[in-house]
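A short worksheet on the structure shown next.
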Amino acid sequence: MSERNAILVTENLTKTFPASHRRILTAVSGVSLTAYQGETLGIVGESGCGKSTYVKMLVHVIEPTSGTITFDGRDITNLSGEALRQNHREIQMVFQDPAAAFNPKMRIIDIVTEPLTNYGLLKRIDKEDKCAELLEMVELPKDFMYRFPHNMSGGQRQRIGVARALALSPKVIILDEATSALDVSVQDRLVELLVKLQQEKNLTYLFICHDMALVHCMAHRVAVMYLGNVVEVLPSIEVAENPLHPYTKAMLGSIFSHHMDFTKKIESIEGEVPSPLNVPEGCPFCDRCEHATDRCRKIKPRLTEATPGHLVACHLFD
Amino acid sequence: MDILNVQNISIQYGNDPPCVTGVSFDMTEGKIVGIVGESGSGKTTVVRAILGLLPGGGRISEGRVLFNGEDMATYSESRWRDVRGSGISMIFQDSGAMINPIRTIGSQYYEYIKIHRPDMSKADAYALAVDTLTKMRLPDGDNIMKSYTYQLSGGMRQRVGIALAMTFEPKLLLADEPTSAIDVTIQAQIVRQMMELRERFSTSIVLVTHNIGVAAYMSDEMIVMQYGKVMDRGDRDTVLNHAKSEYTRQLLQAVPEIGGKRYV
Ligand SMILES: Nc1ncnc2c1ncn2[C@@H]1O[C@H](COP(=O)(O)OP(=O)(O)OP(=O)(O)O)[C@@H](O)[C@H]1O
Ligand SMILES: Nc1ncnc2c1ncn2[C@@H]1O[C@H](COP(=O)(O)OP(=O)(O)OP(=O)(O)O)[C@@H](O)[C@H]1O
Ligand code: SF4
Ligand SMILES: [Mg+2]
Ligand SMILES: [Mg+2]
């Protein structure tokens with residue numbers, strides 16, 4: 001596997017924001033991750049742990065505070081102008097919040113084909129056909145092309161975002177909660193489609209999703225984030241068999257399933273909710289971890305290889 | 001007596017054919033009804049209709065909705081205002097979009113409290129807001145109050161929406177995809193908060209969700225919708241193990257599971 005092409009690499013990527021009372025909020029803290037061409041890298045983690053901020057830096061919607069981003073061997077951290085515009089063709093993103101991502105005054109046909117039009121890749125007379133084709137891919141009737149986003153259901157709107165990202169056939173597609181508003185059966189077929197396209201075109205996906213089971217089923221590798229840090233990176237088959245980090249385990253214990261024991265009390269992690277305004281000096285999870293020791297509170301564990309291909313940042317394993 | 005009766009309602013937008021037809025269900029005090037089903041099948045439309053908040057020319061074209069036995073079609077504007085917020089409150093599918101982006105969360109929360117409790121002091125209102133935000137596991141309630149929506153993550157915005165809706169312990173809570181943008185550990189907390197609301201205040205809940213596990217865990221009655229119609233209904237066991245419709249069986253088959261079907 002050593003000849004895999006590292007298509008998108010970040011080194012120590014960090015983002016801080018100013019917050020109330022002149023404090024600093026650390027949204028993403030020194031994230032080093034590699035996505036290989038043709039793979040799906042799943043990203044999971046607590047709400048507010050910096051997943052969206054991280055990927056928005058990859059598409060230059062948010063400017064990093066420090067660190068570097070490399071795409072296909074080139075440093076793209078500080079791209080601007082035409083070079084940046086051309087780079088956008090290669091990395092497309094489906095935003096978490098479709099309502100905010102679309103211009104409400106534009107019709108679906110213009111939203112979906114806009115990326116193609118922007119690069120002069122679509123003739124006016126082909127527009128309807130292209131749009132129909134893209135809508136069909138995401139299982140929407142073609143007469144939706146003349147609707148406005150607000151005249152659609154949540155899941156229909158979400159699929160518009162996916163259709164738009166597919167339009168340019170980019171090398172990397174970032175999907176930020178792109179299936180959360182879909183019923184599981186539409187989701188199943190959309191994921192099948194994504195996987196088929198991936199295999200045909202060697203596409204790379206960064207797939208952010210709160211549904212651990214879905215990530216486990218469609219990603220090749222999974223990165224687990226907590227409070228701005230990557231705390232574990234593992235092959236997805238090991239998610240079920242060999243999760244190591246206490247936070248990863250806690251997440252796996254909180255899943256609702258229709259096969260669960262419905263009389264069982266809901267498990268959830270106790271302790272102070274962590275705040276990115278007040279990141280512990282040591283392990284980011286130490287306030288809620290049942291294994292925490294003094295060392296955990298003082299020294300931040302580094303992401304190290306526990307078994308080949310399986311990284312974890314926890315003192316239990318170093 | 002029932003707190004809510006949805007009686008055979010059909011709903012249409014403008015001149016489109018009805019997108020919901022013949023939906024009925026009844027809620028006693030403290031009952032939880034879980035609605036699952038196909039994307040675009042009319043789930044949001046049904047719950048918005050209950051609150052009288054259908055967008056863009058949407059209207060109930062047949063049937064009626066009774067709240068405490070009273071036909072809601074007869075409500076005056078001021079009656080609606082009274083009912084929304086304290087009697088019935090709603091968690092919107094797209095909470096982020098419901099909150100004004102150019103005002104802080106705090107000023108909107110304060111205004112929301114003022115409408116429903118005009119006599120409450122500013123300090124009490126602020127404390128109530130921070131306390132409710134904290135219950136939703138939001139870190140640093142004080143910082144959240146000073147934030148604008150763009151400064152919050154998707155799941156944080158959603159939890160602000162949940163906090164607003166739970167502030168006054170409503171008699172009926174309409175929750176449209178309350179946990180879709182939230183990670184599993186916080187989802188577990190929110191589910192627990194909703195169950196507590198029911199235990200402590202006998203709140204009845206209509207829960208719309210794509211998470212079949214959450215629906216099954218919480219619901220006394222589950223309803224499965226497709227194409228604007230009810231395809232299956234009944235208690236957990238009936239729907240999960242003895243579904244009548246092919247659609248419901250397909251839906252259950254498609255639920256991703258750890259150790260289940262793999263795509264890659
Ligand atoms: N523009 C901004 N200004 C200030 N703070 C921000 C901004 N954007 C994000 N944040 C903060 O950064 C942190 C990480 O947010 P982010 O949206 O990346 O989380 P997330 O992991 O995507 O969460 P979710 O799963 O809820 O979507 C949060 O505490 C959020 O409040
Ligand atoms: N404002 C509107 N104007 C016209 N049609 C609409 C409007 N809102 C929704 N619709 C249509 O009504 C149908 C039902 O939409 P609704 O939002 O109720 O679905 P839903 O079951 O909540 O779906 P999802 O699970 O995707 O949120 C859909 O086909 C949708 O396109
Ligand atoms: S480093 Fe310590 S506190 Fe952190 S996860 Fe490991 S055991 Fe828990
Ligand atoms: Mg996010
Ligand atoms: Mg909906």
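Letters for chains follow the order of the structure tokens (A, B, ...), residue numbers begin at 1 for each chain, and ligand numbers begin at 1 in the order shown.
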
Would you list which chain A residues are within 6 Å of chain B using only C-alpha atoms, as a PyMOL selection string?
chain A and resi 46-48+153+155+180+182-185+210+213-214+217-218+251+254-258+262+268+273+275

Give me, as a PyMOL selection string, all polymer residues having an atom no more than 7 Å from Leu174 (chain B), counting only C-alpha atoms and skipping those fewer than 4 positions away in the same chain.
chain B and resi 47+89-91+205-207

Excluding Thr204 (chain A) and its own-chain neighbours fewer than 6 positions away, which residues fall within 8 Å of it when counting only C-alpha atoms? Please give them as a list of chain:residue names.
A:Ala35, A:Tyr36, A:Gln37, A:Gly38, A:Glu39, A:Thr40, A:Leu41, A:Lys171, A:Val172, A:Ile173, A:Gln198

Restricting the output to C-alpha atoms, write the selected residues as a PDB file, in the first residue's frame.
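For reference, again_3.pdb as written:
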```pdb
ATOM      1  CA  ALA A  35      -6.277  11.445   2.429  1.00  0.00           C
ATOM      2  CA  TYR A  36      -5.132   8.969  -0.221  1.00  0.00           C
ATOM      3  CA  GLN A  37      -6.442   9.043  -3.755  1.00  0.00           C
ATOM      4  CA  GLY A  38      -9.385   6.740  -4.282  1.00  0.00           C
ATOM      5  CA  GLU A  39     -10.228   6.335  -0.613  1.00  0.00           C
ATOM      6  CA  THR A  40     -12.974   7.593   1.645  1.00  0.00           C
ATOM      7  CA  LEU A  41     -11.672   9.164   4.810  1.00  0.00           C
ATOM      8  CA  LYS A 171     -10.770  14.712  -7.762  1.00  0.00           C
ATOM      9  CA  VAL A 172     -11.781  15.268  -4.165  1.00  0.00           C
ATOM     10  CA  ILE A 173     -15.289  15.699  -2.805  1.00  0.00           C
ATOM     11  CA  GLN A 198     -15.377   6.491  -6.679  1.00  0.00           C
TER      12      GLN A 198
END
```

Quick one: pick out all helix (DSSP H, G or I) residues within region 22-254 of chain A from a backbone DSSP run and write them as an NGL selection string.
:A and (22 or 51-58 or 81-90 or 98-101 or 108-118 or 124-137 or 142-146 or 149-151 or 154-167 or 184-201 or 212-218 or 237-241 or 246-253)

Expected selection as a compact mmCIF listing (two decimals) with all heavy atoms, in the first residue's frame for ligand 3 within 7 Å, only C-alpha atoms and all ligand atoms:
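Output (part.txt):
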```txt
# COMPACT_ATOMS: atom_id res chain seq x y z
N HIS A 245 -9.27 4.52 21.54
CA HIS A 245 -9.40 5.73 22.35
C HIS A 245 -10.69 5.70 23.18
O HIS A 245 -11.75 5.32 22.66
CB HIS A 245 -9.39 6.96 21.44
CG HIS A 245 -9.11 8.23 22.18
ND1 HIS A 245 -10.08 8.88 22.91
CD2 HIS A 245 -7.97 8.93 22.33
CE1 HIS A 245 -9.53 9.96 23.47
NE2 HIS A 245 -8.25 10.01 23.14
N PRO A 246 -10.61 6.08 24.46
CA PRO A 246 -11.81 6.07 25.30
C PRO A 246 -12.98 6.89 24.71
O PRO A 246 -14.14 6.49 24.87
CB PRO A 246 -11.33 6.69 26.61
CG PRO A 246 -9.88 6.35 26.67
CD PRO A 246 -9.40 6.40 25.25
N TYR A 247 -12.68 7.98 23.99
CA TYR A 247 -13.79 8.74 23.39
C TYR A 247 -14.45 7.96 22.26
O TYR A 247 -15.67 7.93 22.14
CB TYR A 247 -13.32 10.12 22.90
CG TYR A 247 -14.45 10.85 22.20
CD1 TYR A 247 -15.58 11.24 22.91
CD2 TYR A 247 -14.41 11.10 20.83
CE1 TYR A 247 -16.64 11.86 22.27
CE2 TYR A 247 -15.46 11.72 20.18
CZ TYR A 247 -16.59 12.09 20.91
OH TYR A 247 -17.63 12.69 20.27
N CYS A 283 -4.38 16.03 27.96
CA CYS A 283 -5.26 15.37 27.01
C CYS A 283 -6.59 16.12 26.91
O CYS A 283 -7.20 16.44 27.92
CB CYS A 283 -5.53 13.94 27.47
SG CYS A 283 -6.77 13.10 26.48
N PRO A 284 -7.07 16.40 25.68
CA PRO A 284 -8.33 17.15 25.56
C PRO A 284 -9.52 16.43 26.20
O PRO A 284 -10.50 17.07 26.57
CB PRO A 284 -8.52 17.28 24.04
CG PRO A 284 -7.54 16.35 23.39
CD PRO A 284 -6.44 16.13 24.38
N PHE A 285 -9.43 15.12 26.36
CA PHE A 285 -10.56 14.33 26.89
C PHE A 285 -10.45 14.11 28.40
O PHE A 285 -11.30 13.47 29.00
CB PHE A 285 -10.59 12.98 26.15
CG PHE A 285 -11.86 12.18 26.35
CD1 PHE A 285 -13.10 12.76 26.11
CD2 PHE A 285 -11.82 10.86 26.75
CE1 PHE A 285 -14.28 12.03 26.28
CE2 PHE A 285 -12.99 10.12 26.93
CZ PHE A 285 -14.22 10.71 26.69
N CYS A 286 -9.40 14.68 29.06
CA CYS A 286 -9.12 14.26 30.44
C CYS A 286 -10.23 14.58 31.44
O CYS A 286 -10.41 13.85 32.42
CB CYS A 286 -7.77 14.79 30.91
SG CYS A 286 -7.72 16.57 31.13
N CYS A 289 -12.69 11.54 31.03
CA CYS A 289 -12.20 10.18 30.83
C CYS A 289 -12.07 9.45 32.15
O CYS A 289 -11.49 9.96 33.11
CB CYS A 289 -10.84 10.23 30.13
SG CYS A 289 -10.16 8.60 29.83
N GLU A 290 -12.60 8.23 32.21
CA GLU A 290 -12.54 7.49 33.47
C GLU A 290 -11.14 6.96 33.76
O GLU A 290 -10.84 6.56 34.88
CB GLU A 290 -13.57 6.36 33.49
CG GLU A 290 -13.46 5.43 32.30
CD GLU A 290 -14.47 4.29 32.36
OE1 GLU A 290 -15.13 4.14 33.40
OE2 GLU A 290 -14.57 3.55 31.36
N HIS A 291 -10.26 6.96 32.75
CA HIS A 291 -8.90 6.47 32.97
C HIS A 291 -7.90 7.59 33.23
O HIS A 291 -6.70 7.34 33.29
CB HIS A 291 -8.41 5.69 31.75
CG HIS A 291 -9.35 4.62 31.30
ND1 HIS A 291 -9.55 3.47 32.03
CD2 HIS A 291 -10.17 4.53 30.22
CE1 HIS A 291 -10.45 2.71 31.40
NE2 HIS A 291 -10.83 3.35 30.30
N ALA A 292 -8.38 8.83 33.33
CA ALA A 292 -7.45 9.96 33.40
C ALA A 292 -6.55 9.89 34.64
O ALA A 292 -7.00 9.58 35.75
CB ALA A 292 -8.24 11.26 33.39
N THR A 293 -5.27 10.17 34.44
CA THR A 293 -4.31 10.23 35.53
C THR A 293 -3.69 11.63 35.54
O THR A 293 -3.99 12.45 34.67
CB THR A 293 -3.16 9.23 35.29
OG1 THR A 293 -2.49 9.62 34.09
CG2 THR A 293 -3.68 7.81 35.15
N CYS A 296 -2.09 12.46 32.32
CA CYS A 296 -3.05 12.87 31.29
C CYS A 296 -3.38 14.35 31.42
O CYS A 296 -3.55 15.05 30.43
CB CYS A 296 -4.34 12.08 31.42
SG CYS A 296 -4.13 10.31 31.22
N ARG A 297 -3.50 14.83 32.66
CA ARG A 297 -3.87 16.23 32.86
C ARG A 297 -2.74 17.18 32.52
O ARG A 297 -2.97 18.34 32.19
CB ARG A 297 -4.35 16.45 34.30
CG ARG A 297 -5.75 15.91 34.51
CD ARG A 297 -6.27 16.08 35.92
NE ARG A 297 -7.24 15.02 36.15
CZ ARG A 297 -6.99 13.89 36.81
NH1 ARG A 297 -5.82 13.70 37.38
NH2 ARG A 297 -7.91 12.96 36.90
N PRO A 301 -1.13 13.81 24.97
CA PRO A 301 -0.64 12.62 24.24
C PRO A 301 -0.53 12.91 22.75
O PRO A 301 -1.34 13.63 22.19
CB PRO A 301 -1.73 11.57 24.51
CG PRO A 301 -2.95 12.35 24.83
CD PRO A 301 -2.52 13.65 25.44
N ALA A 313 -4.07 8.86 20.02
CA ALA A 313 -3.42 9.82 20.91
C ALA A 313 -3.97 9.60 22.30
O ALA A 313 -4.99 10.20 22.68
CB ALA A 313 -3.69 11.24 20.44
N CYS A 314 -3.36 8.71 23.06
CA CYS A 314 -3.83 8.41 24.40
C CYS A 314 -2.68 7.78 25.17
O CYS A 314 -2.00 6.89 24.65
CB CYS A 314 -5.02 7.45 24.34
SG CYS A 314 -5.48 6.79 25.94
N HIS A 315 -2.47 8.21 26.41
CA HIS A 315 -1.36 7.70 27.20
C HIS A 315 -1.49 6.21 27.54
O HIS A 315 -0.52 5.58 27.94
CB HIS A 315 -1.20 8.51 28.49
CG HIS A 315 -0.69 9.90 28.23
ND1 HIS A 315 0.40 10.13 27.42
CD2 HIS A 315 -1.12 11.11 28.65
CE1 HIS A 315 0.62 11.44 27.37
NE2 HIS A 315 -0.28 12.06 28.10
N LEU A 316 -2.70 5.67 27.41
CA LEU A 316 -2.84 4.24 27.67
C LEU A 316 -2.06 3.41 26.66
O LEU A 316 -1.77 2.25 26.90
CB LEU A 316 -4.32 3.83 27.59
CG LEU A 316 -5.27 4.38 28.65
CD1 LEU A 316 -6.70 4.00 28.32
CD2 LEU A 316 -4.89 3.86 30.03
```

How many Å lie between CA of Ile174 (chain A) and CA of Asp72 (chain A), rounded to one decimal?
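If I compute the distance from CA of Ile174 (chain A) to CA of Asp72 (chain A), I get 15.6 Å.
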
Using only C-alpha atoms and all ligand atoms for the distances, tell me which of B:Gln158, B:Ser204, B:Arg103, B:Gly14 is nearest to ligand 4.
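Smallest separation from ligand 4 among the options: B:Gln158.
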
Hey, which of B:Val160, B:Ile9, B:Asp124, B:Ile32 ends up closest to ligand 1? Count only C-alpha atoms and all ligand atoms.
B:Val160

Shortest interatomic distance to ligand 2 - which of A:Ala181, A:Ile208, A:Leu234, A:Val186, counting only C-alpha atoms and all ligand atoms
A:Ala181

Hey, what's within 7 Å of Asp26 (chain B) if we count only C-alpha atoms and toss same-chain stuff fewer than 3 positions away? As a CSV table (one decimal) with all heavy atoms, in the first residue's frame, please?
```
chain,number,residue,atom,x,y,z
B,2,ASP,N,-57.9,13.8,25.0
B,2,ASP,CA,-56.7,13.9,24.1
B,2,ASP,C,-56.2,15.4,24.1
B,2,ASP,O,-57.0,16.3,24.1
B,2,ASP,CB,-57.0,13.4,22.7
B,2,ASP,CG,-57.2,11.9,22.6
B,2,ASP,OD1,-56.9,11.3,23.6
B,2,ASP,OD2,-57.7,11.4,21.6
B,4,LEU,N,-54.2,16.3,21.5
B,4,LEU,CA,-54.1,16.6,20.1
B,4,LEU,C,-54.8,15.5,19.2
B,4,LEU,O,-54.6,14.4,19.5
B,4,LEU,CB,-52.7,16.8,19.6
B,4,LEU,CG,-52.5,17.2,18.1
B,4,LEU,CD1,-52.7,18.7,18.0
B,4,LEU,CD2,-51.1,16.8,17.6
B,5,ASN,N,-55.7,16.0,18.3
B,5,ASN,CA,-56.2,15.0,17.3
B,5,ASN,C,-56.0,15.5,15.9
B,5,ASN,O,-56.4,16.6,15.6
B,5,ASN,CB,-57.7,14.8,17.5
B,5,ASN,CG,-58.1,14.5,18.9
B,5,ASN,OD1,-58.4,15.5,19.7
B,5,ASN,ND2,-58.1,13.3,19.3
B,6,VAL,N,-55.2,14.8,15.2
B,6,VAL,CA,-55.0,15.1,13.8
B,6,VAL,C,-56.0,14.2,13.0
B,6,VAL,O,-55.9,13.0,13.1
B,6,VAL,CB,-53.6,14.8,13.3
B,6,VAL,CG1,-53.4,15.0,11.8
B,6,VAL,CG2,-52.6,15.7,14.1
```

So how far away is CA of Gly45 (chain A) from CA of Thr263 (chain A), in Å?
26.8 Å
